[in-house]
Amino acid sequence: MNSNFNQSENQIQRGKNYKIPLIVIGLLIIVLIGVFIFFNIKKHDTANIYYTVIDNMSEFLTNALEENNLVNPIGYEGTIKTNININDSDNAEFYKILNNSTLSFDLERDINKKVVNLNLGLLYNNNSINGDFWLKNNEIYADLKDLYNTPLLLLKDESFDSLWEESDTTDLKGLVEELSKELKNSLKQEYFKTTKESISINNSNVKVIKHTLNLNSDNLYQFQKDLLDNIGNNTTLISILSTLSSEDGATLIEDAKDNIEKGSLNLEINVYLNAKDDNVEKIEIIYKENSDNGIIEFIKTQEDKYEINITENGSSQKIGEILFNDNEFNLRFDLDGDEIAVNYKDNNNENNLTITASIGEEKGSLTLVTKEKEGSLSAALINGSQTDSDYLNLKLDINFKEKTINNVTERDTSKAKNIEELDDTDYNEILTNAMQNPLIVSIIGEFAETDY
């Protein structure tokens with residue numbers, strides 16, 4: 001772990017030349033997840049407030065790992081469509097064909113058998129062509145049944161062996177749980193402070209309990225040393241690190257200790273809880289590094305809604321807002337006209353996640369909708385205006401659903417031919433079949449009409 005936080009590469013610029021150290025961004029994310037996702041921080045002891053934030057973060061990550069633990073065997077099927085509008089008259093016919101085509105996929109995977117089967121199909125003008133591809137152990141094969149009557153060995157690579165290693169998330173969950181424990185063990189009581197204050201919220205004075213975590217440069221340096229010592233003494237954590245990294249975990253920690261340096265970054269994190277009902281009224285992170293200093297704060301504006309402000313070196317700006325409740329989470333940042341927004345909604349077991357961004361002349365969006373074992377993914381990107389030479393309007397739509405499968409078929413590869421061994425006769429067969437395939441003939445016809 002390197003504490004040389006005052007290096008220029010450890011800062012990012014946003015908006016009106018604001019510089020925010022990356023460690024501040026990381027802490028901000030942890031505090032937000034810990035406070036805003038689970039809300040259960042109603043403990044008046046300040047240390048327990050921050051310990052609960054860490055516990056909430058750990059629970060969030062372990063639950064996510066559990067939900068995404070690979071099921072075996074598993075299968076997915078679906079379709080992919082594109083719509084591309086671009087100022088490129090030379091390739092207009094190509095984009096027309098692409099926009100009127102549909103790519104279908106059917107994927108099955110069995111880790112125990114070390115097999116992945118993939119069928120790809122292309123539909124255009126009511127004509128289709130398809131082929132089977134599969135990964136077996138560390139070899140990739142193809143059956144281009146519409147073009148060639150013999151399976152082909154496309155590639156053999158020993159690195160594929162790593163794909164079949166243990167796929168569950170036991171080690172990652174253990175890493176999160178043990179690391180969370182050592183994080184709490186490394187935060188000394190002297191870093192915490194509790195005070196009673198009155199703050200202005202929506203032009204009203206609100207009595208709050210202010211819970212402070214002070215990580216000045218001395219505390220931050222000591223925290224890093226204690227954390228690495230505690231990790232080094234945790235045999236479970238060292239074992240997990242050794243497994244995940246394929247290196248000796250103890251050596252990794254000793255190397256990290258050698259890189260610890262005392263930096264100039266001073267941090268103070270404050271969580272303000274309403275003195276009556278423990279609701280979060282405000283969260284702020286105050287930082288100072290050399291000549292740079294600033295505050296990032298989340299201030300309650302109405303029920304479930306907070307305003308995000310940043311003040312740095314005397315200059316203040318509202319940069320966004322966040323809204324959350326049991327079924328909805330919205331986060332929006334607006335930095336000098338560049339906007340990024342994240343919206344999540346859970347509606348009758350249908351989950352909707354939308355991410356949008358508008359930066360300069362580029363606008364993009366990503367929408368994921370899932371319900372039970374099916375879903376859709378839509379992406380869009382717009383660059384410039386229609387009169388610009390580099391104008392681009394791209395849309396991508398993917399629909400998918402999970403298949404219920406009990407067995408993944410292992411394909412017979414005994415008659416497969418290495419693609420590097422194909423001769424002129426083989427290539428002539430492929431070319432002849434291609435020129436007789438209705439889909440390929442249709443596409444060639446489209447280009448021929450254009451050229452004519």
# chains A, B, ... in the order shown; residues from 1 in each chain; ligands from 1
>>> residues_around(residues="Asp334 (chain A)", least_positions_apart="4", cutoff="7 Å", atoms="only C-alpha atoms", output="PyMOL selection string")
chain A and resi 319-320+338-340
>>> select_by_dssp(residues="region 157-405 of chain A", states="alpha helix (DSSP H)", output="number ranges by chain")
A: 170-186, 217-232, 235-245, 249-258
>>> closest_residue(among="A:Thr150, A:Ile382, A:Asp106, A:Val115", to="Glu362 (chain A)", atoms="only C-alpha atoms")
A:Ile382
>>> atom_distance(atom1="CA of Ser385 (chain A)", atom2="CA of Ser365 (chain A)")
16.9 Å
>>> residues_around(residues="region 276-293 of chain A", least_positions_apart="3", cutoff="6 Å", atoms="only C-alpha atoms", output="mmCIF file with C-alpha atoms, in the first residue's frame")
data_model
loop_
_atom_site.group_PDB
_atom_site.id
_atom_site.type_symbol
_atom_site.label_atom_id
_atom_site.label_comp_id
_atom_site.auth_asym_id
_atom_site.auth_seq_id
_atom_site.Cartn_x
_atom_site.Cartn_y
_atom_site.Cartn_z
ATOM 1 C CA LYS A 42 -28.512 4.315 14.277
ATOM 2 C CA SER A 264 0.681 15.318 3.465
ATOM 3 C CA LEU A 265 -2.990 14.436 3.042
ATOM 4 C CA ASN A 266 -5.276 15.263 6.000
ATOM 5 C CA LEU A 267 -8.834 13.915 6.045
ATOM 6 C CA GLU A 268 -11.826 14.494 8.253
ATOM 7 C CA ILE A 269 -15.104 12.648 7.691
ATOM 8 C CA ASN A 270 -18.250 13.884 9.422
ATOM 9 C CA VAL A 271 -21.652 12.206 9.558
ATOM 10 C CA TYR A 272 -24.429 14.384 11.020
ATOM 11 C CA LEU A 273 -27.373 12.461 12.472
ATOM 12 C CA ILE A 296 -17.306 17.553 -0.363
ATOM 13 C CA GLU A 297 -20.713 17.548 1.294
ATOM 14 C CA PHE A 298 -24.104 15.885 0.963
ATOM 15 C CA ILE A 299 -26.831 18.078 2.473
ATOM 16 C CA LYS A 300 -30.404 16.954 2.947
ATOM 17 C CA GLU A 312 -12.148 23.938 -2.910
ATOM 18 C CA ASN A 313 -9.666 26.712 -2.211
#
>>> residues_around(residues="region 186-193 of chain A", least_positions_apart="5", cutoff="8 Å", atoms="only C-alpha atoms", output="mmCIF file with C-alpha atoms, in the first residue's frame")
data_model
loop_
_atom_site.group_PDB
_atom_site.id
_atom_site.type_symbol
_atom_site.label_atom_id
_atom_site.label_comp_id
_atom_site.auth_asym_id
_atom_site.auth_seq_id
_atom_site.Cartn_x
_atom_site.Cartn_y
_atom_site.Cartn_z
ATOM 1 C CA THR A 46 -19.099 7.321 16.883
ATOM 2 C CA ALA A 47 -16.747 4.377 16.430
ATOM 3 C CA HIS A 211 -19.708 11.879 14.339
ATOM 4 C CA THR A 212 -16.127 12.612 13.250
ATOM 5 C CA LEU A 213 -13.387 10.345 11.943
ATOM 6 C CA ASN A 214 -10.099 12.265 11.950
ATOM 7 C CA LEU A 215 -7.456 10.871 9.620
ATOM 8 C CA ASN A 219 -3.286 9.110 11.876
ATOM 9 C CA PHE A 223 -3.626 3.506 10.198
ATOM 10 C CA ASP A 226 -1.625 -0.979 11.721
ATOM 11 C CA LEU A 227 -3.755 -2.288 8.882
ATOM 12 C CA ASN A 230 -3.149 -6.782 11.292
#
>>> closest_residue(among="A:Asn185, A:Asn112, A:Asn393, A:Asn348", to="Glu361 (chain A)", atoms="only C-alpha atoms")
A:Asn393
>>> residues_around(residues="Leu381 (chain A)", least_positions_apart="4", cutoff="12 Å", atoms="only C-alpha atoms", output="JSON, numbers by chain")
{"A": [82, 83, 84, 85, 86, 355, 356, 357, 358, 359, 361, 362, 363, 364, 365, 366, 391, 392, 393, 394, 395, 396]}
>>> residues_around(residues="Leu144 (chain A)", least_positions_apart="6", cutoff="8 Å", atoms="only C-alpha atoms", output="ChimeraX atom specification")
/A:130-132,150-151
>>> write_last_selection(atoms="C-alpha atoms", output="short mmCIF file (atom, residue, chain, number, x, y, z; two decimals), in the first residue's frame")
data_model
loop_
_atom_site.label_atom_id
_atom_site.label_comp_id
_atom_site.auth_asym_id
_atom_site.auth_seq_id
_atom_site.Cartn_x
_atom_site.Cartn_y
_atom_site.Cartn_z
CA ASN A 130 -24.88 -20.00 -38.71
CA GLY A 131 -21.99 -21.84 -37.17
CA ASP A 132 -21.03 -23.63 -33.98
CA THR A 150 -15.46 -30.75 -41.33
CA PRO A 151 -14.97 -29.23 -37.84
#
